file protein11.tsv (TSV, N, CA and C atoms)
chain	number	residue	atom	x	y	z
D	264	MET	N	173.00	75.33	-18.83
D	264	MET	CA	173.31	74.02	-19.38
D	264	MET	C	174.80	73.95	-19.70
D	265	LYS	N	175.42	72.84	-19.37
D	265	LYS	CA	176.84	72.67	-19.57
D	265	LYS	C	177.12	72.33	-21.03
D	266	LYS	N	178.21	72.90	-21.56
D	266	LYS	CA	178.61	72.61	-22.94
D	266	LYS	C	179.11	71.17	-23.02
D	267	SER	N	178.68	70.45	-24.02
D	267	SER	CA	179.13	69.08	-24.17
D	267	SER	C	180.39	69.00	-25.03
D	268	PHE	N	180.65	70.04	-25.81
D	268	PHE	CA	181.82	70.05	-26.67
D	268	PHE	C	182.41	71.45	-26.70
D	269	GLN	N	183.69	71.54	-26.56
D	269	GLN	CA	184.34	72.84	-26.64
D	269	GLN	C	185.38	72.79	-27.74
D	270	ASN	N	185.45	73.83	-28.52
D	270	ASN	CA	186.39	73.90	-29.62
D	270	ASN	C	187.74	74.36	-29.11
D	271	TYR	N	188.77	73.60	-29.38
D	271	TYR	CA	190.12	73.95	-28.96
D	271	TYR	C	190.97	74.42	-30.13
D	272	ASN	N	190.33	74.71	-31.26
D	272	ASN	CA	191.02	75.21	-32.45
D	272	ASN	C	190.94	76.73	-32.47
D	273	PHE	N	192.08	77.37	-32.71
D	273	PHE	CA	192.12	78.82	-32.73
D	273	PHE	C	192.87	79.29	-33.96
D	274	GLU	N	192.43	80.43	-34.47
D	274	GLU	CA	193.13	81.07	-35.58
D	274	GLU	C	193.60	82.43	-35.11
D	275	PHE	N	194.91	82.55	-34.96
D	275	PHE	CA	195.52	83.79	-34.50
D	275	PHE	C	196.17	84.49	-35.69
D	276	ASP	N	196.11	85.83	-35.68
D	276	ASP	CA	196.85	86.55	-36.70
D	276	ASP	C	198.32	86.65	-36.28
D	277	LYS	N	199.13	87.26	-37.13
D	277	LYS	CA	200.57	87.31	-36.91
D	277	LYS	C	200.94	88.00	-35.59
D	278	ASN	N	200.29	89.12	-35.31
D	278	ASN	CA	200.61	89.86	-34.08
D	278	ASN	C	200.18	89.11	-32.83
D	279	GLU	N	199.01	88.47	-32.88
D	279	GLU	CA	198.53	87.69	-31.74
D	279	GLU	C	199.47	86.53	-31.45
D	280	ARG	N	199.93	85.87	-32.51
D	280	ARG	CA	200.89	84.77	-32.33
D	280	ARG	C	202.16	85.26	-31.65
D	281	LYS	N	202.63	86.41	-32.08
D	281	LYS	CA	203.86	86.97	-31.53
D	281	LYS	C	203.69	87.32	-30.05
D	282	ILE	N	202.57	87.92	-29.69
D	282	ILE	CA	202.32	88.29	-28.30
D	282	ILE	C	202.17	87.05	-27.42
D	283	ILE	N	201.42	86.06	-27.89
D	283	ILE	CA	201.23	84.83	-27.11
D	283	ILE	C	202.55	84.08	-26.98
D	284	ASN	N	203.32	84.05	-28.06
D	284	ASN	CA	204.62	83.39	-28.03
D	284	ASN	C	205.55	84.04	-27.01
D	285	THR	N	205.61	85.36	-27.00
D	285	THR	CA	206.42	86.09	-26.03
D	285	THR	C	205.94	85.84	-24.61
D	286	PHE	N	204.63	85.84	-24.44
D	286	PHE	CA	204.04	85.58	-23.12
D	286	PHE	C	204.44	84.18	-22.62
D	287	CYS	N	204.34	83.19	-23.49
D	287	CYS	CA	204.69	81.82	-23.10
D	287	CYS	C	206.17	81.71	-22.76
D	288	LYS	N	207.03	82.39	-23.51
D	288	LYS	CA	208.46	82.36	-23.20
D	288	LYS	C	208.74	82.98	-21.83
D	289	GLN	N	208.02	84.03	-21.48
D	289	GLN	CA	208.18	84.64	-20.16
D	289	GLN	C	207.76	83.68	-19.06
D	290	VAL	N	206.66	82.98	-19.27
D	290	VAL	CA	206.19	82.02	-18.27
D	290	VAL	C	207.21	80.90	-18.11
D	291	ILE	N	207.75	80.41	-19.21
D	291	ILE	CA	208.74	79.34	-19.15
D	291	ILE	C	209.98	79.82	-18.40
D	292	LYS	N	210.41	81.03	-18.67
D	292	LYS	CA	211.59	81.58	-18.01
D	292	LYS	C	211.39	81.65	-16.50
D	293	GLN	N	210.18	81.96	-16.08
D	293	GLN	CA	209.88	82.09	-14.65
D	293	GLN	C	209.72	80.74	-13.96
D	294	THR	N	209.26	79.72	-14.67
D	294	THR	CA	208.94	78.44	-14.04
D	294	THR	C	209.93	77.33	-14.34
D	295	GLU	N	210.87	77.55	-15.22
D	295	GLU	CA	211.72	76.47	-15.71
D	295	GLU	C	212.60	75.82	-14.65
D	296	GLY	N	213.14	76.57	-13.74
D	296	GLY	CA	214.05	76.00	-12.77
D	296	GLY	C	213.40	75.22	-11.65
D	297	ASN	N	212.13	75.44	-11.39
D	297	ASN	CA	211.45	74.82	-10.26
D	297	ASN	C	210.73	73.54	-10.70
D	298	GLN	N	211.00	72.44	-10.05
D	298	GLN	CA	210.38	71.16	-10.40
D	298	GLN	C	208.89	71.12	-10.09
D	299	ASP	N	208.42	72.01	-9.20
D	299	ASP	CA	206.99	72.04	-8.89
D	299	ASP	C	206.16	72.49	-10.08
D	300	TYR	N	206.78	73.23	-10.98
D	300	TYR	CA	206.07	73.76	-12.14
D	300	TYR	C	206.46	73.03	-13.43
D	301	PHE	N	206.85	71.78	-13.33
D	301	PHE	CA	207.27	71.02	-14.50
D	301	PHE	C	206.15	70.90	-15.54
D	302	THR	N	204.94	70.60	-15.10
D	302	THR	CA	203.83	70.45	-16.04
D	302	THR	C	203.47	71.78	-16.69
D	303	GLU	N	203.61	72.85	-15.93
D	303	GLU	CA	203.36	74.19	-16.47
D	303	GLU	C	204.36	74.50	-17.58
D	304	THR	N	205.62	74.23	-17.33
D	304	THR	CA	206.67	74.48	-18.31
D	304	THR	C	206.45	73.63	-19.55
D	305	ARG	N	206.11	72.37	-19.35
D	305	ARG	CA	205.89	71.47	-20.49
D	305	ARG	C	204.71	71.93	-21.34
D	306	ALA	N	203.65	72.38	-20.70
D	306	ALA	CA	202.47	72.84	-21.44
D	306	ALA	C	202.79	74.08	-22.27
D	307	PHE	N	203.53	75.02	-21.70
D	307	PHE	CA	203.85	76.25	-22.44
D	307	PHE	C	204.86	76.01	-23.55
D	308	LYS	N	205.77	75.05	-23.36
D	308	LYS	CA	206.68	74.68	-24.45
D	308	LYS	C	205.90	74.08	-25.61
D	309	SER	N	204.91	73.28	-25.29
D	309	SER	CA	204.06	72.69	-26.32
D	309	SER	C	203.26	73.77	-27.06
D	310	ILE	N	202.79	74.77	-26.33
D	310	ILE	CA	202.05	75.87	-26.96
D	310	ILE	C	202.96	76.63	-27.93
D	311	ILE	N	204.20	76.88	-27.53
D	311	ILE	CA	205.15	77.58	-28.40
D	311	ILE	C	205.40	76.77	-29.67
D	312	GLU	N	205.57	75.46	-29.52
D	312	GLU	CA	205.79	74.61	-30.69
D	312	GLU	C	204.60	74.68	-31.65
D	313	LYS	N	203.41	74.65	-31.11
D	313	LYS	CA	202.21	74.70	-31.95
D	313	LYS	C	202.06	76.06	-32.63
D	314	LEU	N	202.43	77.13	-31.95
D	314	LEU	CA	202.34	78.46	-32.55
D	314	LEU	C	203.38	78.64	-33.66
D	315	ASN	N	204.56	78.04	-33.48
D	315	ASN	CA	205.63	78.16	-34.47
D	315	ASN	C	205.52	77.14	-35.59
D	316	ASP	N	204.53	76.28	-35.52
D	316	ASP	CA	204.34	75.23	-36.51
D	316	ASP	C	204.11	75.80	-37.91
D	317	GLY	N	203.45	76.93	-38.00
D	317	GLY	CA	203.22	77.57	-39.29
D	317	GLY	C	201.84	77.33	-39.87
D	318	SER	N	201.06	76.45	-39.27
D	318	SER	CA	199.72	76.22	-39.78
D	318	SER	C	198.80	77.36	-39.36
D	319	ASP	N	197.73	77.55	-40.13
D	319	ASP	CA	196.79	78.63	-39.85
D	319	ASP	C	196.01	78.38	-38.57
D	320	THR	N	195.62	77.14	-38.35
D	320	THR	CA	194.83	76.78	-37.18
D	320	THR	C	195.72	76.12	-36.13
D	321	VAL	N	195.57	76.59	-34.89
D	321	VAL	CA	196.32	76.02	-33.77
D	321	VAL	C	195.34	75.24	-32.91
D	322	LYS	N	195.65	73.97	-32.67
D	322	LYS	CA	194.77	73.13	-31.85
D	322	LYS	C	195.46	72.86	-30.52
D	323	PHE	N	194.84	73.36	-29.45
D	323	PHE	CA	195.37	73.15	-28.10
D	323	PHE	C	194.70	71.95	-27.47
D	324	THR	N	195.38	71.36	-26.49
D	324	THR	CA	194.74	70.36	-25.66
D	324	THR	C	193.97	71.10	-24.58
D	325	LYS	N	193.12	70.39	-23.87
D	325	LYS	CA	192.34	71.01	-22.81
D	325	LYS	C	193.26	71.57	-21.72
D	326	ASP	N	194.28	70.82	-21.36
D	326	ASP	CA	195.23	71.24	-20.33
D	326	ASP	C	195.96	72.52	-20.74
D	327	GLU	N	196.43	72.57	-21.98
D	327	GLU	CA	197.14	73.76	-22.46
D	327	GLU	C	196.23	74.98	-22.46
D	328	LEU	N	195.01	74.80	-22.89
D	328	LEU	CA	194.07	75.90	-22.94
D	328	LEU	C	193.74	76.42	-21.54
D	329	ILE	N	193.53	75.53	-20.60
D	329	ILE	CA	193.23	75.94	-19.23
D	329	ILE	C	194.41	76.71	-18.62
D	330	ARG	N	195.62	76.20	-18.82
D	330	ARG	CA	196.80	76.87	-18.27
D	330	ARG	C	197.02	78.24	-18.92
D	331	LEU	N	196.84	78.31	-20.24
D	331	LEU	CA	197.02	79.58	-20.95
D	331	LEU	C	195.97	80.60	-20.52
D	332	LYS	N	194.72	80.17	-20.40
D	332	LYS	CA	193.66	81.08	-19.94
D	332	LYS	C	193.93	81.61	-18.55
D	333	ARG	N	194.33	80.71	-17.65
D	333	ARG	CA	194.56	81.10	-16.26
D	333	ARG	C	195.73	82.08	-16.16
D	334	GLN	N	196.82	81.78	-16.84
D	334	GLN	CA	197.98	82.67	-16.79
D	334	GLN	C	197.67	84.02	-17.44
D	335	PHE	N	196.92	83.98	-18.55
D	335	PHE	CA	196.55	85.22	-19.23
D	335	PHE	C	195.68	86.09	-18.32
D	336	SER	N	194.68	85.48	-17.68
D	336	SER	CA	193.78	86.27	-16.82
D	336	SER	C	194.53	86.83	-15.61
D	337	GLU	N	195.45	86.05	-15.03
D	337	GLU	CA	196.24	86.55	-13.90
D	337	GLU	C	197.15	87.70	-14.34
D	338	ASN	N	197.71	87.57	-15.52
D	338	ASN	CA	198.58	88.63	-16.02
D	338	ASN	C	197.78	89.90	-16.33
D	339	ILE	N	196.57	89.76	-16.82
D	339	ILE	CA	195.72	90.91	-17.09
D	339	ILE	C	195.39	91.64	-15.80
D	340	LYS	N	195.09	90.89	-14.75
D	340	LYS	CA	194.82	91.52	-13.44
D	340	LYS	C	196.04	92.29	-12.95
D	341	PHE	N	197.21	91.69	-13.07
D	341	PHE	CA	198.45	92.33	-12.64
D	341	PHE	C	198.71	93.61	-13.44
D	342	LEU	N	198.54	93.54	-14.76
D	342	LEU	CA	198.79	94.70	-15.60
D	342	LEU	C	197.80	95.83	-15.31
D	343	LYS	N	196.56	95.47	-15.04
D	343	LYS	CA	195.57	96.49	-14.70
D	343	LYS	C	195.94	97.20	-13.41
D	344	GLU	N	196.38	96.43	-12.43
D	344	GLU	CA	196.79	97.01	-11.15
D	344	GLU	C	198.02	97.90	-11.32
D	345	GLN	N	198.98	97.46	-12.10
D	345	GLN	CA	200.22	98.21	-12.29
D	345	GLN	C	200.02	99.45	-13.17
D	346	SER	N	199.01	99.43	-14.04
D	346	SER	CA	198.79	100.57	-14.93
D	346	SER	C	198.25	101.79	-14.19
D	347	THR	N	197.82	101.61	-12.95
D	347	THR	CA	197.34	102.75	-12.16
D	347	THR	C	198.42	103.30	-11.24
D	348	LYS	N	199.53	102.61	-11.11
D	348	LYS	CA	200.61	103.02	-10.22
D	348	LYS	C	201.78	103.59	-11.03
D	349	GLY	N	202.64	104.28	-10.35
D	349	GLY	CA	203.90	104.69	-10.93
D	349	GLY	C	203.83	105.96	-11.75
D	350	TRP	N	204.91	106.20	-12.44
D	350	TRP	CA	205.03	107.41	-13.23
D	350	TRP	C	204.54	107.18	-14.65
D	351	PHE	N	204.56	108.22	-15.46
D	351	PHE	CA	203.91	108.23	-16.76
D	351	PHE	C	204.34	107.10	-17.68
D	352	PHE	N	205.64	106.90	-17.87
D	352	PHE	CA	206.12	105.89	-18.81
D	352	PHE	C	205.70	104.48	-18.39
D	353	LYS	N	205.80	104.20	-17.10
D	353	LYS	CA	205.40	102.89	-16.58
D	353	LYS	C	203.91	102.66	-16.81
D	354	LYS	N	203.09	103.68	-16.53
D	354	LYS	CA	201.64	103.57	-16.76
D	354	LYS	C	201.35	103.32	-18.24
D	355	TRP	N	202.05	104.05	-19.09
D	355	TRP	CA	201.82	103.94	-20.53
D	355	TRP	C	202.16	102.54	-21.03
D	356	MET	N	203.29	101.98	-20.59
D	356	MET	CA	203.70	100.64	-21.02
D	356	MET	C	202.73	99.57	-20.52
D	357	TYR	N	202.39	99.63	-19.25
D	357	TYR	CA	201.48	98.63	-18.70
D	357	TYR	C	200.08	98.75	-19.31
D	358	ARG	N	199.62	99.97	-19.56
D	358	ARG	CA	198.30	100.15	-20.15
D	358	ARG	C	198.27	99.58	-21.57
D	359	SER	N	199.34	99.77	-22.31
D	359	SER	CA	199.43	99.23	-23.67
D	359	SER	C	199.40	97.71	-23.65
D	360	MET	N	200.20	97.10	-22.77
D	360	MET	CA	200.22	95.64	-22.65
D	360	MET	C	198.86	95.12	-22.18
D	361	HIS	N	198.25	95.81	-21.23
D	361	HIS	CA	196.94	95.41	-20.73
D	361	HIS	C	195.91	95.41	-21.86
D	362	THR	N	195.94	96.42	-22.69
D	362	THR	CA	195.00	96.50	-23.81
D	362	THR	C	195.20	95.34	-24.78
D	363	GLN	N	196.45	95.06	-25.14
D	363	GLN	CA	196.74	93.97	-26.08
D	363	GLN	C	196.30	92.62	-25.51
D	364	TYR	N	196.67	92.34	-24.27
D	364	TYR	CA	196.32	91.07	-23.66
D	364	TYR	C	194.81	90.93	-23.49
D	365	SER	N	194.15	92.02	-23.11
D	365	SER	CA	192.69	91.97	-22.93
D	365	SER	C	191.97	91.69	-24.25
D	366	LEU	N	192.44	92.31	-25.33
D	366	LEU	CA	191.81	92.07	-26.63
D	366	LEU	C	191.96	90.61	-27.06
D	367	ILE	N	193.14	90.06	-26.87
D	367	ILE	CA	193.36	88.65	-27.22
D	367	ILE	C	192.49	87.75	-26.35
D	368	PHE	N	192.49	88.01	-25.05
D	368	PHE	CA	191.70	87.19	-24.13
D	368	PHE	C	190.22	87.26	-24.46
D	369	ASP	N	189.70	88.47	-24.70
D	369	ASP	CA	188.27	88.63	-24.97
D	369	ASP	C	187.87	88.00	-26.31
D	370	SER	N	188.73	88.09	-27.30
D	370	SER	CA	188.35	87.58	-28.62
D	370	SER	C	188.51	86.07	-28.75
D	371	HIS	N	189.41	85.47	-27.99
D	371	HIS	CA	189.67	84.03	-28.17
D	371	HIS	C	189.36	83.15	-26.97
D	372	PHE	N	189.64	83.64	-25.77
D	372	PHE	CA	189.60	82.76	-24.61
D	372	PHE	C	188.45	82.99	-23.66
D	373	LYS	N	187.67	84.03	-23.85
D	373	LYS	CA	186.58	84.32	-22.93
D	373	LYS	C	185.48	83.29	-23.11
D	374	ASP	N	184.94	82.81	-22.01
D	374	ASP	CA	183.88	81.79	-22.07
D	374	ASP	C	182.56	82.37	-22.46
call {"tool": "encode", "arguments": {"input": "protein11.tsv", "output": "structure tokens"}}
result
Amino acid sequence: MKKSFQNYNFEFDKNERKIINTFCKQVIKQTEGNQDYFTETRAFKSIIEKLNDGSDTVKFTKDELIRLKRQFSENIKFLKEQSTKGWFFKKWMYRSMHTQYSLIFDSHFKD
């Protein structure tokens, strides 16, 4: 059965906010110059504003949530792939990032 209502309100702790904020800044840095990704850039700028607002509860729009989920899941796949390659330090860094992103994704964004 399809959900008739989805909650777009999230409560992130300080570390989760920091990680998501950094992630959004990286996405903006990668997409900012290209006009094809204008809506992507605008959505992530809006997410950063909402995270920096200071309120306990962050309310996303449906578009922002979909874009954040998709980018997060793609980044988790990339980090998982990279954590098996390379030398020790590279594996350690990617594995750490993969763990952090996976925990945030599983606790807040998983359907």
call {"tool": "atom_distance", "arguments": {"input": "protein11.tsv", "atom1": "atom C of D:Lys322", "atom2": "atom N of D:Phe273"}}
result
6.0 Å
call {"tool": "atom_distance", "arguments": {"input": "protein11.tsv", "atom1": "atom CA of D:Ile311", "atom2": "atom CA of D:Asn284"}}
result
5.8 Å
call {"tool": "atom_distance", "arguments": {"input": "protein11.tsv", "atom1": "atom CA of D:Lys373", "atom2": "atom CA of D:Lys332"}}
result
8.3 Å
call {"tool": "closest_residue", "arguments": {"input": "protein11.tsv", "among": "D:Ile329, D:Leu342, D:Ile310, D:Ile291", "to": "D:Trp355", "atoms": "only C-alpha atoms"}}
result
D:Leu342
call {"tool": "closest_residue", "arguments": {"input": "protein11.tsv", "among": "D:Lys313, D:Lys353, D:Lys343, D:Lys288", "to": "D:Glu274", "atoms": "only C-alpha atoms"}}
result
D:Lys313
call {"tool": "closest_residue", "arguments": {"input": "protein11.tsv", "among": "D:Asn315, D:Lys354, D:Phe323, D:Ile339", "to": "D:Asn270", "atoms": "all atoms listed in the file"}}
result
D:Phe323
call {"tool": "select_by_dssp", "arguments": {"input": "protein11.tsv", "residues": "stretch 310-350 of chain D", "states": "alpha helix (DSSP H)", "output": "number ranges by chain"}}
result
D: 310-314, 325-345
call {"tool": "closest_residue", "arguments": {"input": "protein11.tsv", "among": "D:Thr320, D:Gln363, D:Gln334, D:Gln345", "to": "D:Asn272", "atoms": "all atoms listed in the file"}}
result
D:Thr320
call {"tool": "select_by_dssp", "arguments": {"input": "protein11.tsv", "residues": "chain D", "states": "strand (DSSP E or B)", "output": "PyMOL selection string"}}
result
chain D and resi 272-274+320-322
call {"tool": "closest_residue", "arguments": {"input": "protein11.tsv", "among": "D:Arg358, D:Val321, D:Asn278, D:Phe307", "to": "D:Lys292", "atoms": "only C-alpha atoms"}}
result
D:Phe307
call {"tool": "residues_around", "arguments": {"input": "protein11.tsv", "residues": "D:Arg330", "least_positions_apart": "6", "cutoff": "12 Å", "atoms": "only C-alpha atoms", "output": "PyMOL selection string"}}
result
chain D and resi 287+290+300+302-310+323-324+336-337+372
call {"tool": "axis_aligned_box", "arguments": {"input": "protein11.tsv", "around": "stretch 349-361 of chain D", "padding_each_side": "5 Å", "output": "JSON"}}
result
{"center_x": 201.0, "center_y": 101.7, "center_z": -17.0, "size_x": 20.2, "size_y": 23.1, "size_z": 23.3}
